[in-house]
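Q: Let me begin by handing over the structure; questions about it come next.
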Amino acid sequence: MSGAADQTGPLQQQVAEACGSGTPLQIQGGGSKAFYGRPAGAGKPLVVTGHRGIVCHEPKELVVTARAGTSLEELEATLAAEGQMLPFEPPCFAPGATLGGAVACGLSGPARPYRGAVRDFVLGLRLINGRGEVLRFGGEVMKNVAGYDVSRLMTGALGTLGLILEVSLKVLPRPEQELTLVQERSEAEAIEQMNRLAGQPLPLSAACHDGLNLYLRLSGTDSAVQAARGLLGGEMLEKGRDYWRGVREQTHGFFCDDAPLWRLSLPSAHPPLDMPGRQFVDWGGAQRWLISDQPAATLRRTLERAAGHATLFRGGDRTGEVFHPLSPALQRIHRQMKRAFDPLGILNPGRLYRDI
């Protein structure tokens with residue numbers, strides 16, 4: 001397609017040379033999520049933005065394949081022209097966000113509980129491992145994996161297991177109708193309502209609470225959306241699309257704060273957390289954002305008691321472990337996976353965990 005640029009050869013050569021010399025590599029895409037994870041350490045930059053272009057788009061099959069350096073803007077525009085979309089609503093956070101970065105970070109938008117996460121739509125991918133080998137996993141159909149689904153393993157690995165070259169994704173048609181309802185509710189009432197509605201046959205595609213109001217997004221056929229609107233009640237938000245874009249891209253007023261931003265994951269029906277700081281409830285209660293200066297150890301103990309975990313998403317001291325510490329058993333699994341894909345530890349060392 002127009003603007004396509006396959007740089008598999010040069011990228012493979014750079015990884016092979018780094019492997020031969022034991023030189024660490026810091027994979028760089030559009031830089032829109034450079035804040036995420038632990039800070040990049042010493043290492044030679046490996047820039048992948050030139051490796052771009054949509055390789056194949058089969059609208060009737062609801063499948064698209066694109067190179068890692070392809071911008072999300074280009075990919076979403078191509079899909080929109082066919083009345084399609086990326087179901088998991090990946091956030092960009094800044095211009096230049098790429099498909100490879102979206103998969104490597106594994107971040108999903110407000111639709112996550114209702115449509116699925118990034119990994120749920122990854123059909124297959126090509127990558128370069130830490131040995132400089134080009135490998136392909138999965139394919140372009142949903143049922144194409146007989147063993148361990150390595151392609152989905154790369155989702156959220158932050159490039160520590162391989163340099164993503166190309167990704168095949170399942171896409172979905174854009175909804176015929178979409179609207180947002182607003183209801184004034186307390187946090188406890190909102191959590192109860194969101195979980196109750198999640199168990200009903202409603203075209204719900206997003207639900208959050210900003211501390212004062214519950215926001216419910218309905219997406220689907222016009223008849224289904226209008227029927228649900230009459231059932232649920234509440235005021236219709238005129239600029240609903242802008243509201244959810246603000247939540248996804250963190251331009252919503254809640255996120256405009258220089259204090260550390262924590263991402264809390266816990267059972268969706270868990271009651272409100274009594275913690276210092278300001279909170280924003282998303283994903284129907286399963287993801288809660290917290291702006292707080294409280295110590296990481298204290299915060300994480302609270303989350304563990306709630307059967308959840310906490311990630312220091314933005315700001316704060318990022319020299320320690322920004323992701324929730326792993327149990328000894330999970331640490332062993334992570335290290336074994338790292339050795340299998342990147343035996344010399346040259347790919348984004350320390351970006352995910354200090355010793356991975």
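Chain lettering (A, B, ...) mirrors the order of the structure tokens, residue numbering begins at 1 for each chain separately, and ligand numbering begins at 1 in order of display.
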Write out as a ChimeraX atom specification the residues lying within 6 Å of range 51-55 of chain A, counting only C-alpha atoms and excluding same-chain residues fewer than 4 positions away.
A: /A:4-7,65-67,69-70
Q: Can you list, as JSON, numbers by chain, every protein, DNA or RNA residue that comes within 9 Å of Pro24 in chain A when you count only C-alpha atoms, leaving out same-chain residues fewer than 5 positions away?
A: {"A": [18, 19, 41, 42, 43, 44, 45, 344, 345, 346, 347, 348, 349]}
Q: I need the residues from that last selection saved to file as a PDB file, in the first residue's frame (with C-alpha atoms), if you can.
A:
ATOM      1  CA  ALA A  18      23.840  -6.415  19.056  1.00  0.00           C
ATOM      2  CA  CYS A  19      23.496 -10.089  19.930  1.00  0.00           C
ATOM      3  CA  GLY A  41      18.370   2.180  30.624  1.00  0.00           C
ATOM      4  CA  ALA A  42      21.645   2.290  28.792  1.00  0.00           C
ATOM      5  CA  GLY A  43      21.522   0.814  25.327  1.00  0.00           C
ATOM      6  CA  LYS A  44      21.627   1.534  21.622  1.00  0.00           C
ATOM      7  CA  PRO A  45      18.378   2.949  20.188  1.00  0.00           C
ATOM      8  CA  LEU A 344      21.518 -12.414  26.413  1.00  0.00           C
ATOM      9  CA  GLY A 345      18.966  -9.952  27.793  1.00  0.00           C
ATOM     10  CA  ILE A 346      19.611  -7.308  25.129  1.00  0.00           C
ATOM     11  CA  LEU A 347      16.000  -6.306  24.339  1.00  0.00           C
ATOM     12  CA  ASN A 348      14.633  -3.435  26.458  1.00  0.00           C
ATOM     13  CA  PRO A 349      16.407  -4.723  29.601  1.00  0.00           C
TER      14      PRO A 349
END
Q: Separation of CA of Phe35 in chain A and CA of Arg217 in chain A, in Å?
A: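 Those two atoms sit 29.0 Å apart.
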Q: Which residues are near range 252-257 of chain A? Cut-off 8 Å, only C-alpha atoms, ignore same chain within fewer than 4 positions. Put them as a ChimeraX atom specification.
A: /A:210,243,246-247,261,280,291
Q: By how many Å are CA of Gly199 in chain A and CA of Ala227 in chain A apart?
A: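 Pair CA of Gly199 in chain A / CA of Ala227 in chain A returns 16.7 Å.
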Q: At a cut-off of 12 Å, using only C-alpha atoms, what residues contact Thr78 in chain A? Leave out same-chain residues fewer than 3 positions from it and give the result as a list in words.
A: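 My reading of the contact set: Met1, Ser2, Gly53, Ile54, Val55, Cys56, His57, Glu58, Pro59, Val64, Thr65, Ala66, Thr70, Ser71, Leu72, Glu73, Glu74, Leu75, Ala81, Glu82, Gly83, Gln84, Met85, Leu86 and Val171 of chain A.
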Q: Can you list, as a list in words, every protein, DNA or RNA residue that comes within 12 Å of Leu231 in chain A when you count only C-alpha atoms, leaving out same-chain residues fewer than 5 positions away?
A: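 The residues satisfying every condition are Leu181, Leu197, Gln200, Pro201, Leu202, Pro203, Leu218, Ala224, Val225 and Gln226 of chain A.
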Q: Env of Asn213 in chain A: 6 Å cut, atoms = only C-alpha atoms, seq-sep filter 4 positions within chain, self excluded. Answer as a short mmCIF file (atom, residue, chain, number, x, y, z; two decimals) with N, CA and C atoms, in the first residue's frame.
A:
data_model
loop_
_atom_site.label_atom_id
_atom_site.label_comp_id
_atom_site.auth_asym_id
_atom_site.auth_seq_id
_atom_site.Cartn_x
_atom_site.Cartn_y
_atom_site.Cartn_z
N GLN A 183 -25.99 9.70 34.86
CA GLN A 183 -26.85 9.55 36.04
C GLN A 183 -26.09 10.03 37.27
N GLU A 184 -26.73 10.84 38.08
CA GLU A 184 -26.09 11.30 39.31
C GLU A 184 -26.16 10.17 40.35
N ARG A 185 -24.99 9.66 40.73
CA ARG A 185 -24.93 8.55 41.69
C ARG A 185 -23.66 8.66 42.53
N HIS A 209 -17.29 6.23 36.50
CA HIS A 209 -17.82 7.16 37.50
C HIS A 209 -16.71 8.14 37.85
#
Q: Compile the contact shell of Asp355 in chain A as a PDB file with C-alpha atoms, in the first residue's frame: residues with an atom at most 10 Å away, counting only C-alpha atoms, same-chain residues fewer than 3 positions apart removed.
A:
ATOM      1  CA  GLN A 331       9.209 -14.374  38.768  1.00  0.00           C
ATOM      2  CA  HIS A 334       9.044 -14.502  33.623  1.00  0.00           C
ATOM      3  CA  ARG A 335      12.804 -15.139  33.811  1.00  0.00           C
ATOM      4  CA  LYS A 338      13.043 -13.993  28.952  1.00  0.00           C
ATOM      5  CA  GLY A 345      18.966  -9.952  27.793  1.00  0.00           C
ATOM      6  CA  PRO A 349      16.407  -4.723  29.601  1.00  0.00           C
ATOM      7  CA  GLY A 350      14.752  -3.583  32.843  1.00  0.00           C
ATOM      8  CA  ARG A 351      11.813  -1.890  31.131  1.00  0.00           C
ATOM      9  CA  LEU A 352       9.208  -4.299  32.531  1.00  0.00           C
TER      10      LEU A 352
END
Q: What does the structure give for the distance between CA of Ser265 in chain A and CA of Arg332 in chain A, in Å to one decimal?
A: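 CA of Arg332 in chain A lies 22.8 Å from CA of Ser265 in chain A.
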Q: Could you please write out, as an NGL selection string, every residue of range 197-251 of chain A that DSSP assigns to strand (DSSP E or B)?
A: :A and (204-209 or 213-220 or 235-237)
Q: Go ahead and write the residues just picked, N, CA and C atoms, as a compact mmCIF listing (two decimals), in the first residue's frame.
A:
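Written file, part_32.txt:
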# COMPACT_ATOMS: atom_id res chain seq x y z
N LEU A 204 -24.13 -2.23 26.18
CA LEU A 204 -23.22 -1.39 26.96
C LEU A 204 -21.81 -1.52 26.42
N SER A 205 -21.13 -0.41 26.19
CA SER A 205 -19.76 -0.45 25.66
C SER A 205 -18.77 0.34 26.50
N ALA A 206 -19.22 1.01 27.55
CA ALA A 206 -18.32 1.71 28.46
C ALA A 206 -19.12 2.16 29.67
N ALA A 207 -18.46 2.20 30.83
CA ALA A 207 -19.12 2.65 32.05
C ALA A 207 -18.06 3.16 33.01
N CYS A 208 -18.25 4.38 33.52
CA CYS A 208 -17.29 4.94 34.46
C CYS A 208 -18.01 5.88 35.44
N HIS A 209 -17.29 6.23 36.50
CA HIS A 209 -17.82 7.16 37.50
C HIS A 209 -16.71 8.14 37.85
N ASN A 213 -20.85 11.58 38.94
CA ASN A 213 -21.82 11.02 38.01
C ASN A 213 -21.36 9.69 37.43
N LEU A 214 -22.34 8.88 37.08
CA LEU A 214 -22.13 7.63 36.37
C LEU A 214 -22.37 7.89 34.89
N TYR A 215 -21.43 7.45 34.06
CA TYR A 215 -21.53 7.61 32.60
C TYR A 215 -21.65 6.23 31.97
N LEU A 216 -22.67 6.04 31.15
CA LEU A 216 -22.92 4.77 30.49
C LEU A 216 -22.97 4.99 28.99
N ARG A 217 -22.12 4.28 28.25
CA ARG A 217 -22.13 4.41 26.79
C ARG A 217 -22.84 3.20 26.19
N LEU A 218 -23.76 3.47 25.29
CA LEU A 218 -24.50 2.42 24.59
C LEU A 218 -24.08 2.44 23.12
N SER A 219 -23.77 1.27 22.57
CA SER A 219 -23.33 1.17 21.18
C SER A 219 -23.98 -0.03 20.53
N GLY A 220 -24.53 0.14 19.32
CA GLY A 220 -25.15 -0.98 18.63
C GLY A 220 -26.11 -0.50 17.56
N GLU A 235 -29.76 11.51 31.74
CA GLU A 235 -29.62 12.57 30.75
C GLU A 235 -28.65 12.15 29.66
N MET A 236 -28.95 12.51 28.43
CA MET A 236 -28.05 12.18 27.33
C MET A 236 -26.94 13.22 27.24
N LEU A 237 -25.70 12.77 27.14
CA LEU A 237 -24.54 13.65 27.02
C LEU A 237 -24.36 13.99 25.54
Q: Nearest residue to Pro10 in chain A out of A:Val134, A:Leu266, A:Val281, A:Val150, using only C-alpha atoms?
A: A:Val134
Q: Looking only at the backbone, which of the residues in range 32-108 of chain A does DSSP tag as alpha helix (DSSP H), as a ChimeraX atom specification?
A: /A:72-80,99-105
Q: Compare A:Ala94, A:Ala296, A:Ala310, A:Met194 by their minimum atom-to-atom distance to Asp282 in chain A, counting only C-alpha atoms, and give me the closest one.
A: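 The shortest atom-to-atom distance to Asp282 in chain A comes from A:Met194.
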